[in-house]
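File shown here: upload_31.cif, holding mmCIF, N, CA, C and O atoms.
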```
data_protein
#
loop_
_atom_site.group_PDB
_atom_site.id
_atom_site.type_symbol
_atom_site.label_atom_id
_atom_site.label_comp_id
_atom_site.auth_asym_id
_atom_site.auth_seq_id
_atom_site.Cartn_x
_atom_site.Cartn_y
_atom_site.Cartn_z
ATOM 1 N N MET A 1 77.076 106.375 31.281
ATOM 2 C CA MET A 1 77.475 107.356 32.236
ATOM 3 C C MET A 1 78.358 106.697 33.303
ATOM 4 O O MET A 1 77.985 105.714 33.898
ATOM 5 N N SER A 2 79.539 107.211 33.528
ATOM 6 C CA SER A 2 80.427 106.646 34.545
ATOM 7 C C SER A 2 80.134 107.285 35.894
ATOM 8 O O SER A 2 79.864 108.474 35.995
ATOM 9 N N GLU A 3 80.212 106.453 36.899
ATOM 10 C CA GLU A 3 79.941 106.964 38.247
ATOM 11 C C GLU A 3 81.223 107.521 38.840
ATOM 12 O O GLU A 3 82.271 106.901 38.789
ATOM 13 N N LEU A 4 81.124 108.692 39.411
ATOM 14 C CA LEU A 4 82.263 109.318 40.075
ATOM 15 C C LEU A 4 82.329 108.803 41.510
ATOM 16 O O LEU A 4 81.296 108.587 42.141
ATOM 17 N N PRO A 5 83.546 108.599 42.017
ATOM 18 C CA PRO A 5 83.641 108.167 43.420
ATOM 19 C C PRO A 5 83.118 109.275 44.337
ATOM 20 O O PRO A 5 83.403 110.455 44.147
ATOM 21 N N ILE A 6 82.334 108.863 45.282
ATOM 22 C CA ILE A 6 81.744 109.826 46.218
ATOM 23 C C ILE A 6 82.654 109.929 47.432
ATOM 24 O O ILE A 6 82.972 108.926 48.076
ATOM 25 N N GLU A 7 83.064 111.121 47.734
ATOM 26 C CA GLU A 7 83.878 111.346 48.923
ATOM 27 C C GLU A 7 82.956 111.551 50.108
ATOM 28 O O GLU A 7 81.948 112.245 50.013
ATOM 29 N N ARG A 8 83.333 110.950 51.190
ATOM 30 C CA ARG A 8 82.536 111.154 52.395
ATOM 31 C C ARG A 8 82.878 112.502 52.989
ATOM 32 O O ARG A 8 84.028 112.890 53.073
ATOM 33 N N PHE A 9 81.883 113.176 53.427
ATOM 34 C CA PHE A 9 82.072 114.482 54.030
ATOM 35 C C PHE A 9 82.271 114.295 55.526
ATOM 36 O O PHE A 9 81.472 113.669 56.202
ATOM 37 N N GLN A 10 83.383 114.793 56.026
ATOM 38 C CA GLN A 10 83.667 114.709 57.451
ATOM 39 C C GLN A 10 83.129 115.946 58.136
ATOM 40 O O GLN A 10 83.602 117.054 57.904
ATOM 41 N N CYS A 11 82.151 115.755 58.984
ATOM 42 C CA CYS A 11 81.596 116.906 59.696
ATOM 43 C C CYS A 11 82.251 117.014 61.071
ATOM 44 O O CYS A 11 82.773 116.049 61.611
ATOM 45 N N ALA A 12 82.207 118.179 61.617
ATOM 46 C CA ALA A 12 82.869 118.442 62.894
ATOM 47 C C ALA A 12 82.331 117.579 64.026
ATOM 48 O O ALA A 12 83.115 117.025 64.799
ATOM 49 N N PRO A 13 81.017 117.403 64.190
ATOM 50 C CA PRO A 13 80.546 116.541 65.287
ATOM 51 C C PRO A 13 81.008 115.098 65.141
ATOM 52 O O PRO A 13 81.369 114.453 66.128
ATOM 53 N N GLY A 14 81.045 114.592 63.915
ATOM 54 C CA GLY A 14 81.527 113.228 63.701
ATOM 55 C C GLY A 14 82.992 113.091 64.032
ATOM 56 O O GLY A 14 83.418 112.087 64.602
ATOM 57 N N MET A 15 83.767 114.080 63.698
ATOM 58 C CA MET A 15 85.200 114.051 63.998
ATOM 59 C C MET A 15 85.424 114.140 65.505
ATOM 60 O O MET A 15 86.314 113.489 66.047
ATOM 61 N N ARG A 16 84.602 114.941 66.175
ATOM 62 C CA ARG A 16 84.716 115.048 67.633
ATOM 63 C C ARG A 16 84.389 113.716 68.284
ATOM 64 O O ARG A 16 85.037 113.310 69.251
ATOM 65 N N LEU A 17 83.381 113.039 67.764
ATOM 66 C CA LEU A 17 82.990 111.745 68.313
ATOM 67 C C LEU A 17 84.109 110.723 68.126
ATOM 68 O O LEU A 17 84.434 109.973 69.052
ATOM 69 N N GLN A 18 84.731 110.704 66.958
ATOM 70 C CA GLN A 18 85.844 109.787 66.718
ATOM 71 C C GLN A 18 87.014 110.091 67.650
ATOM 72 O O GLN A 18 87.638 109.183 68.196
ATOM 73 N N ALA A 19 87.308 111.363 67.820
ATOM 74 C CA ALA A 19 88.404 111.747 68.711
ATOM 75 C C ALA A 19 88.093 111.332 70.145
ATOM 76 O O ALA A 19 88.958 110.826 70.863
ATOM 77 N N HIS A 20 86.850 111.526 70.553
ATOM 78 C CA HIS A 20 86.455 111.136 71.906
ATOM 79 C C HIS A 20 86.564 109.621 72.084
ATOM 80 O O HIS A 20 87.019 109.152 73.139
ATOM 81 N N GLU A 21 86.191 108.853 71.081
ATOM 82 C CA GLU A 21 86.306 107.398 71.162
ATOM 83 C C GLU A 21 87.755 106.964 71.276
ATOM 84 O O GLU A 21 88.088 106.062 72.052
ATOM 85 N N ARG A 22 88.642 107.620 70.525
ATOM 86 C CA ARG A 22 90.069 107.288 70.607
ATOM 87 C C ARG A 22 90.627 107.620 71.988
ATOM 88 O O ARG A 22 91.369 106.835 72.575
ATOM 89 N N VAL A 23 90.253 108.793 72.511
ATOM 90 C CA VAL A 23 90.729 109.193 73.842
ATOM 91 C C VAL A 23 90.196 108.236 74.903
ATOM 92 O O VAL A 23 90.919 107.832 75.818
ATOM 93 N N SER A 24 88.936 107.840 74.773
ATOM 94 C CA SER A 24 88.353 106.891 75.729
ATOM 95 C C SER A 24 89.081 105.553 75.674
ATOM 96 O O SER A 24 89.337 104.935 76.711
ATOM 97 N N ALA A 25 89.418 105.099 74.475
ATOM 98 C CA ALA A 25 90.143 103.834 74.338
ATOM 99 C C ALA A 25 91.520 103.926 74.991
ATOM 100 O O ALA A 25 91.962 102.982 75.660
ATOM 101 N N ILE A 26 92.193 105.055 74.831
ATOM 102 C CA ILE A 26 93.508 105.251 75.457
ATOM 103 C C ILE A 26 93.373 105.259 76.970
ATOM 104 O O ILE A 26 94.165 104.636 77.689
ATOM 105 N N HIS A 27 92.352 105.932 77.485
ATOM 106 C CA HIS A 27 92.126 105.971 78.932
ATOM 107 C C HIS A 27 91.856 104.573 79.482
ATOM 108 O O HIS A 27 92.400 104.195 80.537
ATOM 109 N N LEU A 28 91.050 103.793 78.785
ATOM 110 C CA LEU A 28 90.751 102.445 79.249
ATOM 111 C C LEU A 28 91.994 101.559 79.215
ATOM 112 O O LEU A 28 92.215 100.747 80.120
ATOM 113 N N ALA A 29 92.829 101.714 78.191
ATOM 114 C CA ALA A 29 94.064 100.929 78.117
ATOM 115 C C ALA A 29 94.991 101.283 79.281
ATOM 116 O O ALA A 29 95.580 100.390 79.910
ATOM 117 N N ASN A 30 95.106 102.566 79.579
ATOM 118 C CA ASN A 30 95.942 102.995 80.707
ATOM 119 C C ASN A 30 95.376 102.493 82.030
ATOM 120 O O ASN A 30 96.121 102.085 82.930
ATOM 121 N N LEU A 31 94.063 102.516 82.159
ATOM 122 C CA LEU A 31 93.430 102.029 83.381
ATOM 123 C C LEU A 31 93.686 100.534 83.557
ATOM 124 O O LEU A 31 93.983 100.072 84.670
ATOM 125 N N ASP A 32 93.611 99.771 82.470
ATOM 126 C CA ASP A 32 93.911 98.340 82.542
ATOM 127 C C ASP A 32 95.354 98.105 82.980
ATOM 128 O O ASP A 32 95.625 97.219 83.802
ATOM 129 N N LYS A 33 96.291 98.888 82.443
ATOM 130 C CA LYS A 33 97.691 98.740 82.841
ATOM 131 C C LYS A 33 97.873 99.038 84.318
ATOM 132 O O LYS A 33 98.577 98.320 85.030
ATOM 133 N N ARG A 34 97.238 100.097 84.798
ATOM 134 C CA ARG A 34 97.341 100.452 86.222
ATOM 135 C C ARG A 34 96.756 99.362 87.096
ATOM 136 O O ARG A 34 97.328 98.999 88.138
ATOM 137 N N LEU A 35 95.605 98.825 86.706
ATOM 138 C CA LEU A 35 94.983 97.760 87.491
ATOM 139 C C LEU A 35 95.858 96.518 87.516
ATOM 140 O O LEU A 35 95.960 95.843 88.556
ATOM 141 N N ASP A 36 96.513 96.209 86.413
ATOM 142 C CA ASP A 36 97.431 95.065 86.388
ATOM 143 C C ASP A 36 98.598 95.280 87.345
ATOM 144 O O ASP A 36 98.990 94.365 88.072
ATOM 145 N N ARG A 37 99.147 96.502 87.344
ATOM 146 C CA ARG A 37 100.255 96.799 88.266
ATOM 147 C C ARG A 37 99.794 96.709 89.717
ATOM 148 O O ARG A 37 100.509 96.173 90.574
ATOM 149 N N ILE A 38 98.603 97.217 90.012
ATOM 150 C CA ILE A 38 98.079 97.148 91.378
ATOM 151 C C ILE A 38 97.873 95.696 91.787
ATOM 152 O O ILE A 38 98.193 95.309 92.924
ATOM 153 N N GLU A 39 97.362 94.885 90.870
ATOM 154 C CA GLU A 39 97.151 93.479 91.165
ATOM 155 C C GLU A 39 98.475 92.768 91.455
ATOM 156 O O GLU A 39 98.573 91.959 92.385
ATOM 157 N N GLN A 40 99.517 93.079 90.687
ATOM 158 C CA GLN A 40 100.831 92.479 90.925
ATOM 159 C C GLN A 40 101.375 92.907 92.287
ATOM 160 O O GLN A 40 101.935 92.088 93.028
ATOM 161 N N MET A 41 101.202 94.183 92.631
ATOM 162 C CA MET A 41 101.680 94.666 93.931
ATOM 163 C C MET A 41 100.930 93.975 95.071
ATOM 164 O O MET A 41 101.522 93.625 96.099
ATOM 165 N N MET A 42 99.632 93.757 94.900
ATOM 166 C CA MET A 42 98.851 93.073 95.930
ATOM 167 C C MET A 42 99.303 91.628 96.098
ATOM 168 O O MET A 42 99.364 91.117 97.230
ATOM 169 N N GLU A 43 99.644 90.962 94.999
ATOM 170 C CA GLU A 43 100.139 89.585 95.086
ATOM 171 C C GLU A 43 101.461 89.533 95.841
ATOM 172 O O GLU A 43 101.676 88.649 96.674
ATOM 173 N N ARG A 44 102.356 90.481 95.546
ATOM 174 C CA ARG A 44 103.637 90.517 96.271
ATOM 175 C C ARG A 44 103.412 90.784 97.757
ATOM 176 O O ARG A 44 104.049 90.168 98.616
ATOM 177 N N LEU A 45 102.505 91.700 98.065
ATOM 178 C CA LEU A 45 102.205 92.017 99.460
ATOM 179 C C LEU A 45 101.609 90.807 100.171
ATOM 180 O O LEU A 45 101.938 90.528 101.326
ATOM 181 N N GLU A 46 100.754 90.066 99.472
ATOM 182 C CA GLU A 46 100.152 88.872 100.065
ATOM 183 C C GLU A 46 101.227 87.826 100.371
ATOM 184 O O GLU A 46 101.209 87.198 101.430
ATOM 185 N N ARG A 47 102.180 87.652 99.445
ATOM 186 C CA ARG A 47 103.277 86.703 99.699
ATOM 187 C C ARG A 47 104.085 87.123 100.918
ATOM 188 O O ARG A 47 104.430 86.284 101.759
ATOM 189 N N ARG A 48 104.372 88.406 101.036
ATOM 190 C CA ARG A 48 105.133 88.897 102.198
ATOM 191 C C ARG A 48 104.355 88.683 103.489
ATOM 192 O O ARG A 48 104.925 88.327 104.521
ATOM 193 N N LEU A 49 103.056 88.916 103.426
ATOM 194 C CA LEU A 49 102.224 88.738 104.620
ATOM 195 C C LEU A 49 102.227 87.286 105.066
ATOM 196 O O LEU A 49 102.398 86.994 106.257
ATOM 197 N N TRP A 50 102.069 86.342 104.129
ATOM 198 C CA TRP A 50 102.083 84.933 104.498
ATOM 199 C C TRP A 50 103.460 84.516 105.019
ATOM 200 O O TRP A 50 103.552 83.705 105.945
ATOM 201 N N LEU A 51 104.510 85.070 104.452
ATOM 202 C CA LEU A 51 105.854 84.772 104.949
ATOM 203 C C LEU A 51 105.993 85.238 106.398
ATOM 204 O O LEU A 51 106.536 84.518 107.250
ATOM 205 N N ALA A 52 105.471 86.426 106.704
ATOM 206 C CA ALA A 52 105.520 86.935 108.080
ATOM 207 C C ALA A 52 104.686 86.058 109.009
ATOM 208 O O ALA A 52 105.105 85.748 110.136
ATOM 209 N N VAL A 53 103.505 85.638 108.557
ATOM 210 C CA VAL A 53 102.651 84.786 109.392
ATOM 211 C C VAL A 53 103.351 83.467 109.695
ATOM 212 O O VAL A 53 103.382 83.009 110.845
ATOM 213 N N TYR A 54 103.920 82.841 108.647
ATOM 214 C CA TYR A 54 104.632 81.586 108.875
ATOM 215 C C TYR A 54 105.861 81.784 109.756
ATOM 216 O O TYR A 54 106.204 80.917 110.561
ATOM 217 N N GLY A 55 106.522 82.909 109.636
ATOM 218 C CA GLY A 55 107.681 83.195 110.486
ATOM 219 C C GLY A 55 107.287 83.315 111.944
ATOM 220 O O GLY A 55 107.939 82.746 112.836
ATOM 221 N N VAL A 56 106.203 84.043 112.214
ATOM 222 C CA VAL A 56 105.735 84.199 113.592
ATOM 223 C C VAL A 56 105.286 82.857 114.148
ATOM 224 O O VAL A 56 105.598 82.514 115.300
ATOM 225 N N ALA A 57 104.568 82.077 113.346
ATOM 226 C CA ALA A 57 104.123 80.755 113.805
ATOM 227 C C ALA A 57 105.326 79.857 114.096
ATOM 228 O O ALA A 57 105.330 79.113 115.092
ATOM 229 N N GLY A 58 106.354 79.950 113.260
ATOM 230 C CA GLY A 58 107.560 79.160 113.488
ATOM 231 C C GLY A 58 108.265 79.546 114.781
ATOM 232 O O GLY A 58 108.716 78.676 115.542
ATOM 233 N N VAL A 59 108.330 80.834 115.062
ATOM 234 C CA VAL A 59 108.974 81.298 116.297
ATOM 235 C C VAL A 59 108.177 80.836 117.509
ATOM 236 O O VAL A 59 108.745 80.379 118.511
ATOM 237 N N ILE A 60 106.848 80.914 117.446
ATOM 238 C CA ILE A 60 106.013 80.475 118.570
ATOM 239 C C ILE A 60 106.180 78.980 118.805
ATOM 240 O O ILE A 60 106.329 78.532 119.956
ATOM 241 N N LEU A 61 106.185 78.191 117.730
ATOM 242 C CA LEU A 61 106.382 76.747 117.885
ATOM 243 C C LEU A 61 107.772 76.431 118.423
ATOM 244 O O LEU A 61 107.929 75.533 119.260
ATOM 245 N N ALA A 62 108.782 77.139 117.961
ATOM 246 C CA ALA A 62 110.138 76.903 118.449
ATOM 247 C C ALA A 62 110.231 77.210 119.935
ATOM 248 O O ALA A 62 110.858 76.458 120.704
ATOM 249 N N LYS A 63 109.597 78.304 120.365
ATOM 250 C CA LYS A 63 109.601 78.643 121.794
ATOM 251 C C LYS A 63 108.863 77.590 122.600
ATOM 252 O O LYS A 63 109.297 77.210 123.700
ATOM 253 N N ALA A 64 107.744 77.074 122.065
ATOM 254 C CA ALA A 64 106.991 76.044 122.777
ATOM 255 C C ALA A 64 107.818 74.773 122.914
ATOM 256 O O ALA A 64 107.855 74.161 123.991
ATOM 257 N N VAL A 65 108.482 74.366 121.845
ATOM 258 C CA VAL A 65 109.324 73.168 121.906
ATOM 259 C C VAL A 65 110.481 73.390 122.855
ATOM 260 O O VAL A 65 110.830 72.509 123.656
ATOM 261 N N GLN A 66 111.066 74.571 122.832
ATOM 262 C CA GLN A 66 112.197 74.878 123.719
ATOM 263 C C GLN A 66 111.742 74.833 125.179
ATOM 264 O O GLN A 66 112.437 74.280 126.035
ATOM 265 N N THR A 67 110.583 75.383 125.479
ATOM 266 C CA THR A 67 110.047 75.364 126.844
ATOM 267 C C THR A 67 109.733 73.929 127.259
ATOM 268 O O THR A 67 110.017 73.527 128.387
ATOM 269 N N PHE A 68 109.151 73.161 126.354
ATOM 270 C CA PHE A 68 108.820 71.771 126.654
ATOM 271 C C PHE A 68 110.079 70.967 126.952
ATOM 272 O O PHE A 68 110.103 70.150 127.871
ATOM 273 N N LEU A 69 111.133 71.196 126.189
ATOM 274 C CA LEU A 69 112.399 70.466 126.419
ATOM 275 C C LEU A 69 113.063 70.900 127.723
ATOM 276 O O LEU A 69 113.719 70.092 128.383
ATOM 277 N N ALA A 70 112.895 72.169 128.085
ATOM 278 C CA ALA A 70 113.517 72.654 129.320
ATOM 279 C C ALA A 70 112.799 72.116 130.548
ATOM 280 O O ALA A 70 113.411 71.884 131.601
ATOM 281 N N VAL A 71 111.492 71.883 130.451
ATOM 282 C CA VAL A 71 110.707 71.426 131.607
ATOM 283 C C VAL A 71 110.797 69.920 131.775
ATOM 284 O O VAL A 71 110.769 69.429 132.889
ATOM 285 N N THR A 72 110.927 69.187 130.710
ATOM 286 C CA THR A 72 110.944 67.718 130.799
ATOM 287 C C THR A 72 112.250 67.246 131.416
ATOM 288 O O THR A 72 113.335 67.688 131.018
ATOM 289 N N PRO A 73 112.130 66.363 132.371
ATOM 290 C CA PRO A 73 113.373 65.837 132.981
ATOM 291 C C PRO A 73 114.099 64.889 132.022
ATOM 292 O O PRO A 73 113.476 64.164 131.262
ATOM 293 N N VAL A 74 115.401 64.955 132.081
ATOM 294 C CA VAL A 74 116.229 64.120 131.211
ATOM 295 C C VAL A 74 116.496 62.795 131.934
ATOM 296 O O VAL A 74 116.950 62.790 133.055
ATOM 297 N N GLY A 75 116.246 61.688 131.261
ATOM 298 C CA GLY A 75 116.648 60.400 131.767
ATOM 299 C C GLY A 75 115.623 59.642 132.415
ATOM 300 O O GLY A 75 115.191 58.988 133.067
#
```
Kindly return the structure encoded in the file as structure tokens.
Amino acid sequence: MSELPIERFQCAPGMRLQAHERVSAIHLANLDKRLDRIEQMMERLERRLWLAVYGVAGVILAKAVQTFLAVTPVG
């Protein structure tokens, strides 16, 4: 007796579950992409913030040196 190949029966709840899993995977992939973009934006913002901090510190030091040179007598 030869065995006939058995076809799997696709039921509606199983198909819904597979569709839900695919949609969930797509949502998670999109969420990962968004989080990566947010992380990149935060890194750029952090670099700009440190540049501003160093700029302000440089201006304060320059003013202090300028004041010190103006007050010190020459010669």
Which value, in Å to one decimal, gives the distance between atom N of Ala70 of chain A and atom O of Arg48 of chain A?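 Taking atom N of Ala70 of chain A and atom O of Arg48 of chain A, their separation equals 29.7 Å.
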Rounded to one decimal, what separation in Å do you get between atom CA of Gln40 of chain A and atom CA of Val59 of chain A?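 Result for atom CA of Gln40 of chain A versus atom CA of Val59 of chain A: 28.9 Å, one decimal.
Coordinates place atom CA of Ala29 of chain A at a distance of 18.3 Å from atom CA of Leu17 of chain A.
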Because the input lacks atoms here, generate all heavy atoms for segment 37-48 of chain A and report them as an mmCIF file, keeping the file's coordinate frame.
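The new file part-v4.cif reads:
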```cif
data_model
loop_
_atom_site.group_PDB
_atom_site.id
_atom_site.type_symbol
_atom_site.label_atom_id
_atom_site.label_comp_id
_atom_site.auth_asym_id
_atom_site.auth_seq_id
_atom_site.Cartn_x
_atom_site.Cartn_y
_atom_site.Cartn_z
ATOM 1 N N ARG A 37 99.147 96.502 87.344
ATOM 2 C CA ARG A 37 100.255 96.799 88.266
ATOM 3 C C ARG A 37 99.794 96.709 89.717
ATOM 4 O O ARG A 37 100.509 96.173 90.574
ATOM 5 C CB ARG A 37 100.819 98.188 87.986
ATOM 6 C CG ARG A 37 101.711 98.234 86.768
ATOM 7 C CD ARG A 37 102.557 99.491 86.734
ATOM 8 N NE ARG A 37 101.791 100.698 86.931
ATOM 9 C CZ ARG A 37 101.553 101.621 86.018
ATOM 10 N NH1 ARG A 37 102.046 101.480 84.809
ATOM 11 N NH2 ARG A 37 100.838 102.695 86.289
ATOM 12 N N ILE A 38 98.603 97.217 90.012
ATOM 13 C CA ILE A 38 98.079 97.148 91.378
ATOM 14 C C ILE A 38 97.873 95.696 91.787
ATOM 15 O O ILE A 38 98.193 95.309 92.924
ATOM 16 C CB ILE A 38 96.770 97.961 91.499
ATOM 17 C CG1 ILE A 38 97.069 99.454 91.396
ATOM 18 C CG2 ILE A 38 96.055 97.652 92.813
ATOM 19 C CD1 ILE A 38 95.827 100.324 91.305
ATOM 20 N N GLU A 39 97.362 94.885 90.870
ATOM 21 C CA GLU A 39 97.151 93.479 91.165
ATOM 22 C C GLU A 39 98.475 92.768 91.455
ATOM 23 O O GLU A 39 98.573 91.959 92.385
ATOM 24 C CB GLU A 39 96.446 92.824 89.984
ATOM 25 C CG GLU A 39 95.922 91.438 90.278
ATOM 26 C CD GLU A 39 95.076 90.916 89.137
ATOM 27 O OE1 GLU A 39 94.192 91.652 88.667
ATOM 28 O OE2 GLU A 39 95.315 89.770 88.728
ATOM 29 N N GLN A 40 99.517 93.079 90.687
ATOM 30 C CA GLN A 40 100.831 92.479 90.925
ATOM 31 C C GLN A 40 101.375 92.907 92.287
ATOM 32 O O GLN A 40 101.935 92.088 93.028
ATOM 33 C CB GLN A 40 101.802 92.876 89.825
ATOM 34 C CG GLN A 40 101.516 92.238 88.493
ATOM 35 C CD GLN A 40 102.388 92.806 87.382
ATOM 36 O OE1 GLN A 40 103.142 93.757 87.594
ATOM 37 N NE2 GLN A 40 102.281 92.236 86.192
ATOM 38 N N MET A 41 101.202 94.183 92.631
ATOM 39 C CA MET A 41 101.680 94.666 93.931
ATOM 40 C C MET A 41 100.930 93.975 95.071
ATOM 41 O O MET A 41 101.522 93.625 96.099
ATOM 42 C CB MET A 41 101.523 96.185 94.032
ATOM 43 C CG MET A 41 102.472 96.936 93.145
ATOM 44 S SD MET A 41 102.473 98.761 93.238
ATOM 45 C CE MET A 41 100.938 99.205 93.934
ATOM 46 N N MET A 42 99.632 93.757 94.900
ATOM 47 C CA MET A 42 98.851 93.073 95.930
ATOM 48 C C MET A 42 99.303 91.628 96.098
ATOM 49 O O MET A 42 99.364 91.117 97.230
ATOM 50 C CB MET A 42 97.357 93.128 95.592
ATOM 51 C CG MET A 42 96.750 94.495 95.788
ATOM 52 S SD MET A 42 95.018 94.587 95.300
ATOM 53 C CE MET A 42 94.275 93.382 96.354
ATOM 54 N N GLU A 43 99.644 90.962 94.999
ATOM 55 C CA GLU A 43 100.139 89.585 95.086
ATOM 56 C C GLU A 43 101.461 89.533 95.841
ATOM 57 O O GLU A 43 101.676 88.649 96.674
ATOM 58 C CB GLU A 43 100.293 88.985 93.696
ATOM 59 C CG GLU A 43 98.977 88.658 93.026
ATOM 60 C CD GLU A 43 99.135 88.185 91.586
ATOM 61 O OE1 GLU A 43 100.295 88.089 91.110
ATOM 62 O OE2 GLU A 43 98.110 87.941 90.945
ATOM 63 N N ARG A 44 102.356 90.481 95.546
ATOM 64 C CA ARG A 44 103.637 90.517 96.271
ATOM 65 C C ARG A 44 103.412 90.784 97.757
ATOM 66 O O ARG A 44 104.049 90.168 98.616
ATOM 67 C CB ARG A 44 104.549 91.575 95.668
ATOM 68 C CG ARG A 44 105.139 91.173 94.341
ATOM 69 C CD ARG A 44 106.296 92.080 93.947
ATOM 70 N NE ARG A 44 105.973 93.478 93.942
ATOM 71 C CZ ARG A 44 105.695 94.201 92.864
ATOM 72 N NH1 ARG A 44 105.704 93.632 91.682
ATOM 73 N NH2 ARG A 44 105.416 95.472 92.957
ATOM 74 N N LEU A 45 102.505 91.700 98.065
ATOM 75 C CA LEU A 45 102.205 92.017 99.460
ATOM 76 C C LEU A 45 101.609 90.807 100.171
ATOM 77 O O LEU A 45 101.938 90.528 101.326
ATOM 78 C CB LEU A 45 101.237 93.204 99.520
ATOM 79 C CG LEU A 45 100.866 93.717 100.904
ATOM 80 C CD1 LEU A 45 102.112 94.225 101.623
ATOM 81 C CD2 LEU A 45 99.833 94.825 100.788
ATOM 82 N N GLU A 46 100.754 90.066 99.472
ATOM 83 C CA GLU A 46 100.152 88.872 100.065
ATOM 84 C C GLU A 46 101.227 87.826 100.371
ATOM 85 O O GLU A 46 101.209 87.198 101.430
ATOM 86 C CB GLU A 46 99.118 88.296 99.111
ATOM 87 C CG GLU A 46 98.354 87.121 99.687
ATOM 88 C CD GLU A 46 97.311 86.577 98.731
ATOM 89 O OE1 GLU A 46 97.279 87.011 97.559
ATOM 90 O OE2 GLU A 46 96.543 85.722 99.159
ATOM 91 N N ARG A 47 102.180 87.652 99.445
ATOM 92 C CA ARG A 47 103.277 86.703 99.699
ATOM 93 C C ARG A 47 104.085 87.123 100.918
ATOM 94 O O ARG A 47 104.430 86.284 101.759
ATOM 95 C CB ARG A 47 104.190 86.616 98.483
ATOM 96 C CG ARG A 47 103.669 85.684 97.434
ATOM 97 C CD ARG A 47 104.713 85.433 96.352
ATOM 98 N NE ARG A 47 104.104 85.821 95.094
ATOM 99 C CZ ARG A 47 104.608 86.661 94.216
ATOM 100 N NH1 ARG A 47 105.787 87.181 94.414
ATOM 101 N NH2 ARG A 47 103.972 86.965 93.124
ATOM 102 N N ARG A 48 104.372 88.406 101.036
ATOM 103 C CA ARG A 48 105.133 88.897 102.198
ATOM 104 C C ARG A 48 104.355 88.683 103.489
ATOM 105 O O ARG A 48 104.925 88.327 104.521
ATOM 106 C CB ARG A 48 105.453 90.381 102.034
ATOM 107 C CG ARG A 48 106.462 90.674 100.972
ATOM 108 C CD ARG A 48 106.684 92.163 100.856
ATOM 109 N NE ARG A 48 107.523 92.471 99.725
ATOM 110 C CZ ARG A 48 107.688 93.685 99.250
ATOM 111 N NH1 ARG A 48 107.059 94.709 99.804
ATOM 112 N NH2 ARG A 48 108.469 93.899 98.213
#
```
